[in-house]
>>> print(open('query_21.cif').read())   # mmCIF, C-alpha atoms
data_my_file
loop_
_atom_site.group_PDB
_atom_site.id
_atom_site.type_symbol
_atom_site.label_atom_id
_atom_site.label_comp_id
_atom_site.auth_asym_id
_atom_site.auth_seq_id
_atom_site.Cartn_x
_atom_site.Cartn_y
_atom_site.Cartn_z
ATOM 1 C CA MET A 1 -82.615 3.897 -43.390
ATOM 2 C CA ALA A 2 -79.405 5.784 -44.123
ATOM 3 C CA ASP A 3 -79.147 7.715 -47.347
ATOM 4 C CA PRO A 4 -77.014 5.736 -49.877
ATOM 5 C CA ALA A 5 -75.144 9.000 -50.522
ATOM 6 C CA ASP A 6 -73.764 8.673 -46.977
ATOM 7 C CA TYR A 7 -71.869 5.562 -48.077
ATOM 8 C CA PRO A 8 -69.706 6.377 -51.118
ATOM 9 C CA PRO A 9 -67.266 3.739 -52.445
ATOM 10 C CA PHE A 10 -64.606 3.055 -49.821
ATOM 11 C CA ARG A 11 -61.193 4.639 -50.399
ATOM 12 C CA LEU A 12 -58.354 3.750 -48.038
ATOM 13 C CA GLY A 13 -56.976 6.816 -46.297
ATOM 14 C CA LYS A 14 -59.622 9.128 -47.798
ATOM 15 C CA PRO A 15 -62.442 10.890 -45.893
ATOM 16 C CA ARG A 16 -65.881 9.338 -46.137
ATOM 17 C CA PHE A 17 -67.543 12.720 -46.704
ATOM 18 C CA GLU A 18 -66.773 15.252 -49.430
ATOM 19 C CA GLN A 19 -64.286 17.841 -48.161
ATOM 20 C CA THR A 20 -65.068 20.557 -50.723
ATOM 21 C CA SER A 21 -68.266 21.598 -48.934
ATOM 22 C CA PHE A 22 -68.836 22.880 -45.410
ATOM 23 C CA TYR A 23 -71.511 20.239 -44.807
ATOM 24 C CA GLY A 24 -69.141 17.444 -45.848
ATOM 25 C CA ARG A 25 -66.367 18.732 -43.596
ATOM 26 C CA PHE A 26 -68.856 19.175 -40.742
ATOM 27 C CA ARG A 27 -69.979 15.536 -40.996
ATOM 28 C CA HIS A 28 -66.361 14.383 -41.309
ATOM 29 C CA PHE A 29 -65.328 16.050 -38.074
ATOM 30 C CA LEU A 30 -68.446 14.821 -36.305
ATOM 31 C CA ASP A 31 -67.036 11.358 -36.961
ATOM 32 C CA ILE A 32 -63.522 12.340 -35.849
ATOM 33 C CA ILE A 33 -64.645 13.784 -32.482
ATOM 34 C CA ASP A 34 -67.052 10.912 -31.738
ATOM 35 C CA PRO A 35 -66.347 10.067 -28.038
ATOM 36 C CA ARG A 36 -67.139 6.408 -28.689
ATOM 37 C CA THR A 37 -63.726 6.113 -30.369
ATOM 38 C CA LEU A 38 -62.146 6.595 -26.928
ATOM 39 C CA PHE A 39 -63.207 3.056 -26.071
ATOM 40 C CA VAL A 40 -62.046 1.414 -29.311
ATOM 41 C CA THR A 41 -59.089 -0.845 -28.544
ATOM 42 C CA GLU A 42 -59.399 -3.535 -31.229
ATOM 43 C CA LEU A 43 -56.782 -2.157 -33.600
ATOM 44 C CA TRP A 44 -55.698 -5.695 -34.535
ATOM 45 C CA GLY A 45 -59.306 -6.420 -35.471
ATOM 46 C CA ALA A 46 -59.386 -3.339 -37.678
ATOM 47 C CA GLN A 47 -56.130 -4.362 -39.356
ATOM 48 C CA LYS A 48 -57.473 -7.883 -39.925
ATOM 49 C CA ILE A 49 -60.484 -6.470 -41.763
ATOM 50 C CA LYS A 50 -58.264 -4.190 -43.856
ATOM 51 C CA GLN A 51 -55.892 -7.012 -44.836
ATOM 52 C CA ALA A 52 -58.813 -9.303 -45.681
ATOM 53 C CA ILE A 53 -60.610 -6.945 -48.066
ATOM 54 C CA ILE A 54 -58.113 -4.302 -49.294
ATOM 55 C CA HIS A 55 -55.527 -5.067 -51.987
ATOM 56 C CA PRO A 56 -52.054 -4.139 -50.648
ATOM 57 C CA ASP A 57 -50.890 -2.611 -53.963
ATOM 58 C CA THR A 58 -53.968 -0.765 -55.195
ATOM 59 C CA ASN A 59 -55.609 -0.010 -51.813
ATOM 60 C CA GLU A 60 -58.898 -0.895 -53.498
ATOM 61 C CA THR A 61 -61.593 -3.224 -52.147
ATOM 62 C CA ILE A 62 -61.381 -6.741 -53.601
ATOM 63 C CA PHE A 63 -64.694 -8.048 -54.946
ATOM 64 C CA MET A 64 -66.197 -10.323 -52.281
ATOM 65 C CA PRO A 65 -66.209 -13.736 -54.086
ATOM 66 C CA PHE A 66 -62.552 -13.289 -55.077
ATOM 67 C CA ARG A 67 -61.123 -12.423 -51.647
ATOM 68 C CA MET A 68 -59.179 -15.124 -49.835
ATOM 69 C CA SER A 69 -61.836 -14.938 -47.114
ATOM 70 C CA GLY A 70 -64.388 -15.836 -49.806
ATOM 71 C CA TYR A 71 -62.373 -18.711 -51.287
ATOM 72 C CA ILE A 72 -63.861 -21.380 -49.007
ATOM 73 C CA PRO A 73 -67.564 -20.366 -48.983
ATOM 74 C CA PHE A 74 -67.621 -19.756 -52.744
ATOM 75 C CA GLY A 75 -65.238 -22.571 -53.660
ATOM 76 C CA THR A 76 -66.646 -25.455 -51.615
ATOM 77 C CA PRO A 77 -69.776 -25.975 -53.800
ATOM 78 C CA ILE A 78 -67.464 -26.193 -56.803
ATOM 79 C CA VAL A 79 -65.267 -28.798 -55.077
ATOM 80 C CA VAL A 80 -68.355 -30.867 -54.277
ATOM 81 C CA GLY A 81 -69.280 -30.727 -57.962
ATOM 82 C CA LEU A 82 -65.782 -31.789 -59.025
ATOM 83 C CA LEU A 83 -65.963 -34.845 -56.764
ATOM 84 C CA LEU A 84 -69.421 -36.042 -57.788
ATOM 85 C CA PRO A 85 -69.265 -39.710 -58.852
ATOM 86 C CA ASN A 86 -70.133 -40.991 -62.335
ATOM 87 C CA GLN A 87 -69.216 -37.758 -64.092
ATOM 88 C CA THR A 88 -70.229 -37.376 -67.735
ATOM 89 C CA LEU A 89 -68.105 -35.510 -70.266
ATOM 90 C CA ALA A 90 -70.458 -32.543 -70.057
ATOM 91 C CA SER A 91 -70.416 -32.418 -66.252
ATOM 92 C CA THR A 92 -66.608 -32.735 -66.189
ATOM 93 C CA VAL A 93 -66.263 -29.815 -68.602
ATOM 94 C CA PHE A 94 -68.778 -27.714 -66.651
ATOM 95 C CA TRP A 95 -67.228 -28.190 -63.202
ATOM 96 C CA GLN A 96 -63.655 -27.750 -64.458
ATOM 97 C CA TRP A 97 -64.695 -24.595 -66.323
ATOM 98 C CA LEU A 98 -66.445 -23.211 -63.229
ATOM 99 C CA ASN A 99 -63.524 -24.108 -60.969
ATOM 100 C CA GLN A 100 -60.862 -22.550 -63.185
ATOM 101 C CA SER A 101 -63.037 -19.500 -63.855
ATOM 102 C CA HIS A 102 -63.251 -18.936 -60.107
ATOM 103 C CA ASN A 103 -59.509 -19.601 -59.695
ATOM 104 C CA ALA A 104 -58.672 -17.225 -62.547
ATOM 105 C CA CYS A 105 -60.617 -14.402 -60.925
ATOM 106 C CA VAL A 106 -59.086 -15.118 -57.495
ATOM 107 C CA ASN A 107 -55.577 -15.184 -59.001
ATOM 108 C CA TYR A 108 -56.172 -11.929 -60.847
ATOM 109 C CA ALA A 109 -57.800 -10.150 -57.896
ATOM 110 C CA ASN A 110 -54.923 -11.127 -55.554
ATOM 111 C CA ARG A 111 -52.063 -10.637 -58.023
ATOM 112 C CA ASN A 112 -49.159 -8.254 -57.628
ATOM 113 C CA ALA A 113 -50.763 -5.085 -58.985
ATOM 114 C CA THR A 114 -47.826 -2.697 -58.932
ATOM 115 C CA LYS A 115 -48.082 -2.509 -62.728
ATOM 116 C CA PRO A 116 -51.347 -1.814 -64.616
ATOM 117 C CA SER A 117 -52.757 -4.738 -66.575
ATOM 118 C CA PRO A 118 -55.130 -4.153 -69.523
ATOM 119 C CA THR A 119 -58.429 -6.032 -69.747
ATOM 120 C CA SER A 120 -57.268 -7.733 -72.958
ATOM 121 C CA LYS A 121 -54.453 -9.449 -71.014
ATOM 122 C CA PHE A 122 -56.970 -10.687 -68.456
ATOM 123 C CA ILE A 123 -59.205 -12.142 -71.188
ATOM 124 C CA GLN A 124 -56.249 -13.851 -72.907
ATOM 125 C CA GLY A 125 -55.060 -15.327 -69.626
ATOM 126 C CA TYR A 126 -58.552 -16.448 -68.649
ATOM 127 C CA LEU A 127 -59.189 -18.219 -71.961
ATOM 128 C CA GLY A 128 -55.797 -19.943 -71.848
ATOM 129 C CA ALA A 129 -56.255 -21.025 -68.227
ATOM 130 C CA VAL A 130 -59.761 -22.426 -68.721
ATOM 131 C CA ILE A 131 -58.982 -24.193 -72.003
ATOM 132 C CA SER A 132 -55.880 -25.852 -70.522
ATOM 133 C CA ALA A 133 -57.761 -26.929 -67.394
ATOM 134 C CA VAL A 134 -60.691 -28.452 -69.253
ATOM 135 C CA SER A 135 -58.365 -30.173 -71.738
ATOM 136 C CA ILE A 136 -56.286 -31.773 -68.969
ATOM 137 C CA ALA A 137 -59.349 -32.937 -67.013
ATOM 138 C CA VAL A 138 -61.162 -34.359 -70.034
ATOM 139 C CA GLY A 139 -57.971 -36.021 -71.285
ATOM 140 C CA LEU A 140 -57.375 -37.789 -67.974
ATOM 141 C CA ASN A 141 -60.990 -38.924 -67.781
ATOM 142 C CA VAL A 142 -60.835 -40.355 -71.303
ATOM 143 C CA LEU A 143 -57.607 -42.222 -70.473
ATOM 144 C CA VAL A 144 -59.208 -43.771 -67.391
ATOM 145 C CA GLN A 145 -62.335 -44.809 -69.306
ATOM 146 C CA ARG A 146 -60.216 -46.473 -71.981
ATOM 147 C CA ALA A 147 -58.129 -48.379 -69.447
ATOM 148 C CA ASN A 148 -59.791 -51.716 -70.156
ATOM 149 C CA LYS A 149 -57.447 -53.668 -67.886
ATOM 150 C CA PHE A 150 -59.203 -52.143 -64.863
ATOM 151 C CA THR A 151 -62.556 -53.392 -63.640
ATOM 152 C CA LEU A 152 -65.512 -51.015 -63.772
ATOM 153 C CA ALA A 153 -65.385 -50.526 -59.990
ATOM 154 C CA THR A 154 -61.671 -49.702 -60.136
ATOM 155 C CA ARG A 155 -62.193 -47.216 -62.982
ATOM 156 C CA LEU A 156 -64.958 -45.487 -61.030
ATOM 157 C CA LEU A 157 -62.694 -45.300 -57.972
ATOM 158 C CA ILE A 158 -59.790 -43.873 -60.000
ATOM 159 C CA GLN A 159 -62.116 -41.326 -61.591
ATOM 160 C CA ARG A 160 -62.826 -39.908 -58.153
ATOM 161 C CA PHE A 161 -59.129 -39.024 -57.850
ATOM 162 C CA VAL A 162 -58.765 -37.624 -61.394
ATOM 163 C CA PRO A 163 -59.768 -34.084 -60.321
ATOM 164 C CA PHE A 164 -56.555 -33.676 -58.275
ATOM 165 C CA PRO A 165 -53.915 -34.058 -61.025
ATOM 166 C CA ALA A 166 -56.230 -32.214 -63.406
ATOM 167 C CA VAL A 167 -56.791 -29.292 -61.054
ATOM 168 C CA ALA A 168 -53.189 -29.157 -59.761
ATOM 169 C CA SER A 169 -51.653 -29.003 -63.249
ATOM 170 C CA ALA A 170 -54.347 -26.643 -64.490
ATOM 171 C CA ASN A 171 -53.801 -24.397 -61.455
ATOM 172 C CA ILE A 172 -50.181 -23.883 -62.494
ATOM 173 C CA CYS A 173 -51.285 -22.893 -65.996
ATOM 174 C CA ASN A 174 -53.929 -20.655 -64.473
ATOM 175 C CA VAL A 175 -51.486 -18.718 -62.254
ATOM 176 C CA VAL A 176 -48.913 -18.269 -65.024
ATOM 177 C CA LEU A 177 -51.435 -17.234 -67.669
ATOM 178 C CA MET A 178 -53.430 -14.900 -65.418
ATOM 179 C CA ARG A 179 -50.281 -13.150 -64.183
ATOM 180 C CA HIS A 180 -47.973 -13.429 -67.195
ATOM 181 C CA THR A 181 -47.769 -9.635 -67.569
ATOM 182 C CA GLU A 182 -45.712 -9.626 -64.355
ATOM 183 C CA LEU A 183 -43.098 -11.760 -66.116
ATOM 184 C CA GLU A 184 -43.025 -9.351 -69.048
ATOM 185 C CA GLU A 185 -42.938 -6.068 -67.132
ATOM 186 C CA GLY A 186 -41.564 -7.075 -63.743
ATOM 187 C CA ILE A 187 -42.899 -6.157 -60.301
ATOM 188 C CA ASP A 188 -41.888 -3.428 -57.877
ATOM 189 C CA VAL A 189 -39.350 -4.323 -55.191
ATOM 190 C CA LEU A 190 -39.076 -2.256 -52.010
ATOM 191 C CA ASP A 191 -36.218 -1.475 -49.639
ATOM 192 C CA ASN A 192 -36.355 -1.673 -45.845
ATOM 193 C CA ASN A 193 -38.054 1.726 -45.673
ATOM 194 C CA GLY A 194 -40.801 0.784 -48.125
ATOM 195 C CA ASN A 195 -39.328 2.836 -50.967
ATOM 196 C CA ILE A 196 -39.585 1.433 -54.500
ATOM 197 C CA VAL A 197 -36.107 0.437 -55.705
ATOM 198 C CA GLY A 198 -37.124 -0.651 -59.184
ATOM 199 C CA SER A 199 -39.029 -3.182 -61.255
ATOM 200 C CA SER A 200 -37.706 -6.751 -61.367
ATOM 201 C CA ARG A 201 -38.589 -9.620 -63.704
ATOM 202 C CA ILE A 202 -36.546 -11.997 -61.555
ATOM 203 C CA ALA A 203 -38.646 -11.141 -58.515
ATOM 204 C CA ALA A 204 -41.752 -11.692 -60.659
ATOM 205 C CA LYS A 205 -40.535 -15.213 -61.514
ATOM 206 C CA HIS A 206 -40.067 -15.969 -57.824
ATOM 207 C CA ALA A 207 -43.522 -14.574 -57.037
ATOM 208 C CA LEU A 208 -45.221 -16.731 -59.673
ATOM 209 C CA LEU A 209 -43.236 -19.839 -58.721
ATOM 210 C CA GLU A 210 -44.170 -19.479 -55.052
ATOM 211 C CA THR A 211 -47.820 -18.839 -55.887
ATOM 212 C CA ALA A 212 -47.923 -21.785 -58.310
ATOM 213 C CA LEU A 213 -46.524 -24.098 -55.618
ATOM 214 C CA THR A 214 -49.282 -23.047 -53.223
ATOM 215 C CA ARG A 215 -51.834 -23.860 -55.946
ATOM 216 C CA VAL A 216 -50.395 -27.381 -56.227
ATOM 217 C CA VAL A 217 -50.493 -27.963 -52.471
ATOM 218 C CA LEU A 218 -53.961 -26.404 -52.062
ATOM 219 C CA PRO A 219 -56.008 -29.112 -53.863
ATOM 220 C CA MET A 220 -54.169 -32.024 -52.195
ATOM 221 C CA PRO A 221 -56.299 -32.233 -49.032
ATOM 222 C CA ILE A 222 -59.383 -30.891 -50.846
ATOM 223 C CA LEU A 223 -59.477 -33.409 -53.694
ATOM 224 C CA VAL A 224 -57.650 -36.401 -52.176
ATOM 225 C CA LEU A 225 -59.012 -36.658 -48.631
ATOM 226 C CA PRO A 226 -62.772 -36.438 -49.396
ATOM 227 C CA PRO A 227 -62.757 -39.384 -51.864
ATOM 228 C CA ILE A 228 -60.894 -41.515 -49.309
ATOM 229 C CA ILE A 229 -63.170 -40.491 -46.447
ATOM 230 C CA MET A 230 -66.339 -40.866 -48.523
ATOM 231 C CA SER A 231 -65.342 -44.318 -49.804
ATOM 232 C CA ILE A 232 -65.236 -45.381 -46.138
ATOM 233 C CA LEU A 233 -68.370 -43.535 -45.022
ATOM 234 C CA GLU A 234 -70.450 -44.833 -47.943
ATOM 235 C CA LYS A 235 -69.946 -48.361 -46.629
ATOM 236 C CA THR A 236 -71.486 -47.527 -43.257
ATOM 237 C CA SER A 237 -75.006 -48.648 -42.492
ATOM 238 C CA LEU A 238 -76.071 -45.020 -41.911
ATOM 239 C CA LEU A 239 -75.363 -43.908 -45.480
ATOM 240 C CA ARG A 240 -76.363 -47.222 -47.017
ATOM 241 C CA SER A 241 -79.809 -46.895 -45.520
ATOM 242 C CA ARG A 242 -79.993 -43.144 -46.210
ATOM 243 C CA PRO A 243 -78.384 -42.542 -49.617
ATOM 244 C CA ARG A 244 -79.842 -39.020 -49.749
ATOM 245 C CA MET A 245 -77.433 -38.046 -46.974
ATOM 246 C CA ILE A 246 -74.377 -38.816 -49.107
ATOM 247 C CA LEU A 247 -74.289 -35.409 -50.816
ATOM 248 C CA PRO A 248 -74.749 -33.359 -47.595
ATOM 249 C CA VAL A 249 -72.094 -35.454 -45.828
ATOM 250 C CA GLN A 250 -69.721 -35.085 -48.773
ATOM 251 C CA SER A 251 -70.309 -31.320 -48.724
ATOM 252 C CA LEU A 252 -69.358 -31.144 -45.042
ATOM 253 C CA VAL A 253 -66.256 -33.267 -45.638
ATOM 254 C CA CYS A 254 -65.218 -31.008 -48.523
ATOM 255 C CA LEU A 255 -65.835 -27.901 -46.413
ATOM 256 C CA ALA A 256 -63.640 -29.251 -43.610
ATOM 257 C CA ALA A 257 -60.882 -30.233 -46.052
ATOM 258 C CA PHE A 258 -61.020 -26.827 -47.753
ATOM 259 C CA GLY A 259 -60.893 -25.047 -44.395
ATOM 260 C CA LEU A 260 -57.737 -27.009 -43.525
ATOM 261 C CA ALA A 261 -56.049 -26.785 -46.918
ATOM 262 C CA LEU A 262 -56.346 -23.067 -47.650
ATOM 263 C CA PRO A 263 -54.426 -21.669 -44.642
ATOM 264 C CA LEU A 264 -51.847 -24.464 -44.957
ATOM 265 C CA ALA A 265 -51.198 -23.702 -48.620
ATOM 266 C CA ILE A 266 -51.046 -19.910 -48.526
ATOM 267 C CA SER A 267 -48.858 -20.032 -45.385
ATOM 268 C CA LEU A 268 -46.027 -21.770 -47.259
ATOM 269 C CA PHE A 269 -44.543 -18.408 -48.292
ATOM 270 C CA PRO A 270 -44.947 -14.900 -46.854
ATOM 271 C CA GLN A 271 -47.111 -12.555 -48.915
ATOM 272 C CA MET A 272 -44.400 -9.906 -48.696
ATOM 273 C CA SER A 273 -41.455 -12.068 -49.714
ATOM 274 C CA GLU A 274 -37.811 -11.128 -49.244
ATOM 275 C CA ILE A 275 -34.982 -11.654 -51.727
ATOM 276 C CA GLU A 276 -31.306 -10.708 -51.791
ATOM 277 C CA THR A 277 -30.458 -7.851 -54.152
ATOM 278 C CA SER A 278 -27.460 -9.840 -55.420
ATOM 279 C CA ARG A 279 -29.914 -12.311 -57.004
ATOM 280 C CA LEU A 280 -31.768 -9.585 -58.915
ATOM 281 C CA GLU A 281 -30.922 -7.508 -61.978
ATOM 282 C CA PRO A 282 -27.671 -5.493 -61.696
ATOM 283 C CA GLU A 283 -29.537 -2.185 -61.944
ATOM 284 C CA ILE A 284 -31.649 -3.167 -58.918
ATOM 285 C CA ALA A 285 -28.577 -4.070 -56.847
ATOM 286 C CA MET A 286 -26.888 -0.786 -57.783
ATOM 287 C CA ALA A 287 -29.951 1.310 -56.930
ATOM 288 C CA THR A 288 -29.971 0.505 -53.201
ATOM 289 C CA THR A 289 -27.631 -0.109 -50.298
ATOM 290 C CA SER A 290 -30.024 -2.681 -48.813
ATOM 291 C CA LYS A 291 -28.817 -6.262 -48.987
ATOM 292 C CA THR A 292 -32.394 -7.487 -49.361
ATOM 293 C CA VAL A 293 -35.601 -6.121 -50.851
ATOM 294 C CA VAL A 294 -39.230 -7.231 -50.520
ATOM 295 C CA TYR A 295 -42.028 -7.724 -53.033
ATOM 296 C CA ASN A 296 -45.711 -8.583 -52.917
ATOM 297 C CA LYS A 297 -45.912 -12.238 -53.939
ATOM 298 C CA GLY A 298 -49.667 -12.112 -54.234
ATOM 299 C CA LEU A 299 -51.957 -14.816 -52.893
#
>>> encode(input="query_21.cif", output="structure tokens")
Amino acid sequence: MADPADYPPFRLGKPRFEQTSFYGRFRHFLDIIDPRTLFVTELWGAQKIKQAIIHPDTNETIFMPFRMSGYIPFGTPIVVGLLLPNQTLASTVFWQWLNQSHNACVNYANRNATKPSPTSKFIQGYLGAVISAVSIAVGLNVLVQRANKFTLATRLLIQRFVPFPAVASANICNVVLMRHTELEEGIDVLDNNGNIVGSSRIAAKHALLETALTRVVLPMPILVLPPIIMSILEKTSLLRSRPRMILPVQSLVCLAAFGLALPLAISLFPQMSEIETSRLEPEIAMATTSKTVVYNKGL
């Protein structure tokens, strides 16, 4: 097995081996002159890997469960839990807490990170996001349970759709609270050459608005389609005679819906969004001759 010392923490654009020693430089250049690199042509594949795991602002590796590539495999079990029938108050609180905890970490890990954010701000945002999410979900469930004009079957059916408005509204709170420091301090905007023009609060508002809209669209297919599909499938003779298959089938349906919803939602706006300088602060417009600037919206 390779020595763990051979694999230090990855740093974009930095040599793998220590350059202050002859041995480190020797191993570095052994890599550089490796003839096998003559046959490497998959530069798009290499860029795909970089974009999937490296944060564009910090050039640091994003923790695996909080990458966009990890959203579906780590998020699908949570979605299945949110859509379980006959939820109790405790189970509703647990699944909403777990869902918004995961969302909070994903939002934070994929934020615009051109400005440093202290840990205290993360904790404040996390607590606010989770409390608001759980409150909305529990409140909607209580309203449905108290709706005496509906039959029991109707109330149970409506409860299966409660997660969507709860999650969608909580997702907006989550994005704003987890990234509110961007509104306070602004985010960097870049000219056509990639040079930083300045820091803009207006651009930060656009970034959060665009991200919040994706978080409203994202749960639509995930939390609306599976209840509809499952209400049909549960009436089939296959699932009626094999009730133990309901959960595995629901998991597959949720996985398919998640796999469809995520690329649709995050494709609504470009990650590097463009905005006219005339719409930004006067000092930004005066600092560049470019008619437009770009900023990292985040994901």
>>> atom_distance(input="query_21.cif", atom1="CA of Val167 (chain A)", atom2="CA of Glu60 (chain A)")
29.5 Å
>>> atom_distance(input="query_21.cif", atom1="CA of Val294 (chain A)", atom2="CA of Lys14 (chain A)")
26.3 Å
>>> closest_atom_pairs(input="query_21.cif", of="region 213-292 of chain A", to="region 70-89 of chain A", cutoff="9 Å", atoms="all atoms listed in the file", output="Markdown table")
| residue | atom | partner | partner_atom | distance |
| --- | --- | --- | --- | --- |
| A:Ile222 | CA | A:Val79 | CA | 7.5 |
| A:Leu223 | CA | A:Leu83 | CA | 7.3 |
| A:Pro226 | CA | A:Leu83 | CA | 8.2 |
| A:Pro227 | CA | A:Leu83 | CA | 7.4 |
| A:Leu247 | CA | A:Val80 | CA | 8.2 |
| A:Gln250 | CA | A:Val80 | CA | 7.1 |
| A:Ser251 | CA | A:Val80 | CA | 5.9 |
| A:Cys254 | CA | A:Thr76 | CA | 6.5 |
| A:Leu255 | CA | A:Thr76 | CA | 5.8 |
| A:Phe258 | CA | A:Ile72 | CA | 6.3 |
| A:Gly259 | CA | A:Ile72 | CA | 6.6 |
| A:Leu262 | CA | A:Ile72 | CA | 7.8 |
>>> closest_residue(input="query_21.cif", among="A:Ala137, A:Val175, A:Val142, A:Ile266", to="Tyr108 (chain A)", atoms="only C-alpha atoms")
A:Val175
>>> residues_near_point(input="query_21.cif", point="(-38.3, -9.7, -66.2)", cutoff="10 Å", atoms="all atoms listed in the file", output="PyMOL selection string")
chain A and resi 181-187+199-205+280-281
>>> closest_residue(input="query_21.cif", among="A:Phe22, A:Phe17, A:Ala287, A:Phe164", to="Ile196 (chain A)", atoms="only C-alpha atoms")
A:Ala287
>>> closest_residue(input="query_21.cif", among="A:Glu18, A:Ile246, A:Ala113, A:Gly13", to="Lys50 (chain A)", atoms="all atoms listed in the file")
A:Gly13
>>> resolve_selection(input="query_21.cif", expression="the PyMOL selection byres ((chain A and resi 191) around 12)", output="MDAnalysis selection string")
chainID A and resid 188:190 192:198 272:277 284:285 287:295
>>> closest_residue(input="query_21.cif", among="A:Arg244, A:Arg215, A:Arg36, A:Lys48", to="Cys173 (chain A)", atoms="only C-alpha atoms")
A:Arg215
>>> resolve_selection(input="query_21.cif", expression="the PyMOL selection byres ((chain A and resi 106) around 9)", output="ChimeraX atom specification")
/A:65-68,71,101-105,107-111,299
>>> closest_residue(input="query_21.cif", among="A:Thr119, A:Thr61, A:Asn99, A:Gln47", to="Ala170 (chain A)", atoms="all atoms listed in the file")
A:Asn99
>>> closest_residue(input="query_21.cif", among="A:Gln100, A:Val224, A:Pro35, A:His206", to="Asn174 (chain A)", atoms="all atoms listed in the file")
A:Gln100
>>> atom_distance(input="query_21.cif", atom1="CA of Leu213 (chain A)", atom2="CA of Ala265 (chain A)")
8.4 Å
>>> residues_near_point(input="query_21.cif", point="(-48.1, -11.9, -53.5)", cutoff="6 Å", atoms="only C-alpha atoms", output="list of chain:residue names")
A:Asn112, A:Gln271, A:Asn296, A:Lys297, A:Gly298, A:Leu299
>>> write_last_selection(input="query_21.cif", atoms="C-alpha atoms", output="JSON list (two decimals), in the coordinates of the input")
[["chain", "number", "residue", "atom", "x", "y", "z"],
["A", 112, "ASN", "CA", -49.16, -8.25, -57.63],
["A", 271, "GLN", "CA", -47.11, -12.56, -48.92],
["A", 296, "ASN", "CA", -45.71, -8.58, -52.92],
["A", 297, "LYS", "CA", -45.91, -12.24, -53.94],
["A", 298, "GLY", "CA", -49.67, -12.11, -54.23],
["A", 299, "LEU", "CA", -51.96, -14.82, -52.89]]
>>> residues_around(input="query_21.cif", residues="Leu268 (chain A)", least_positions_apart="5", cutoff="10 Å", atoms="all atoms listed in the file", output="PyMOL selection string")
chain A and resi 210-211+213-214+217+263
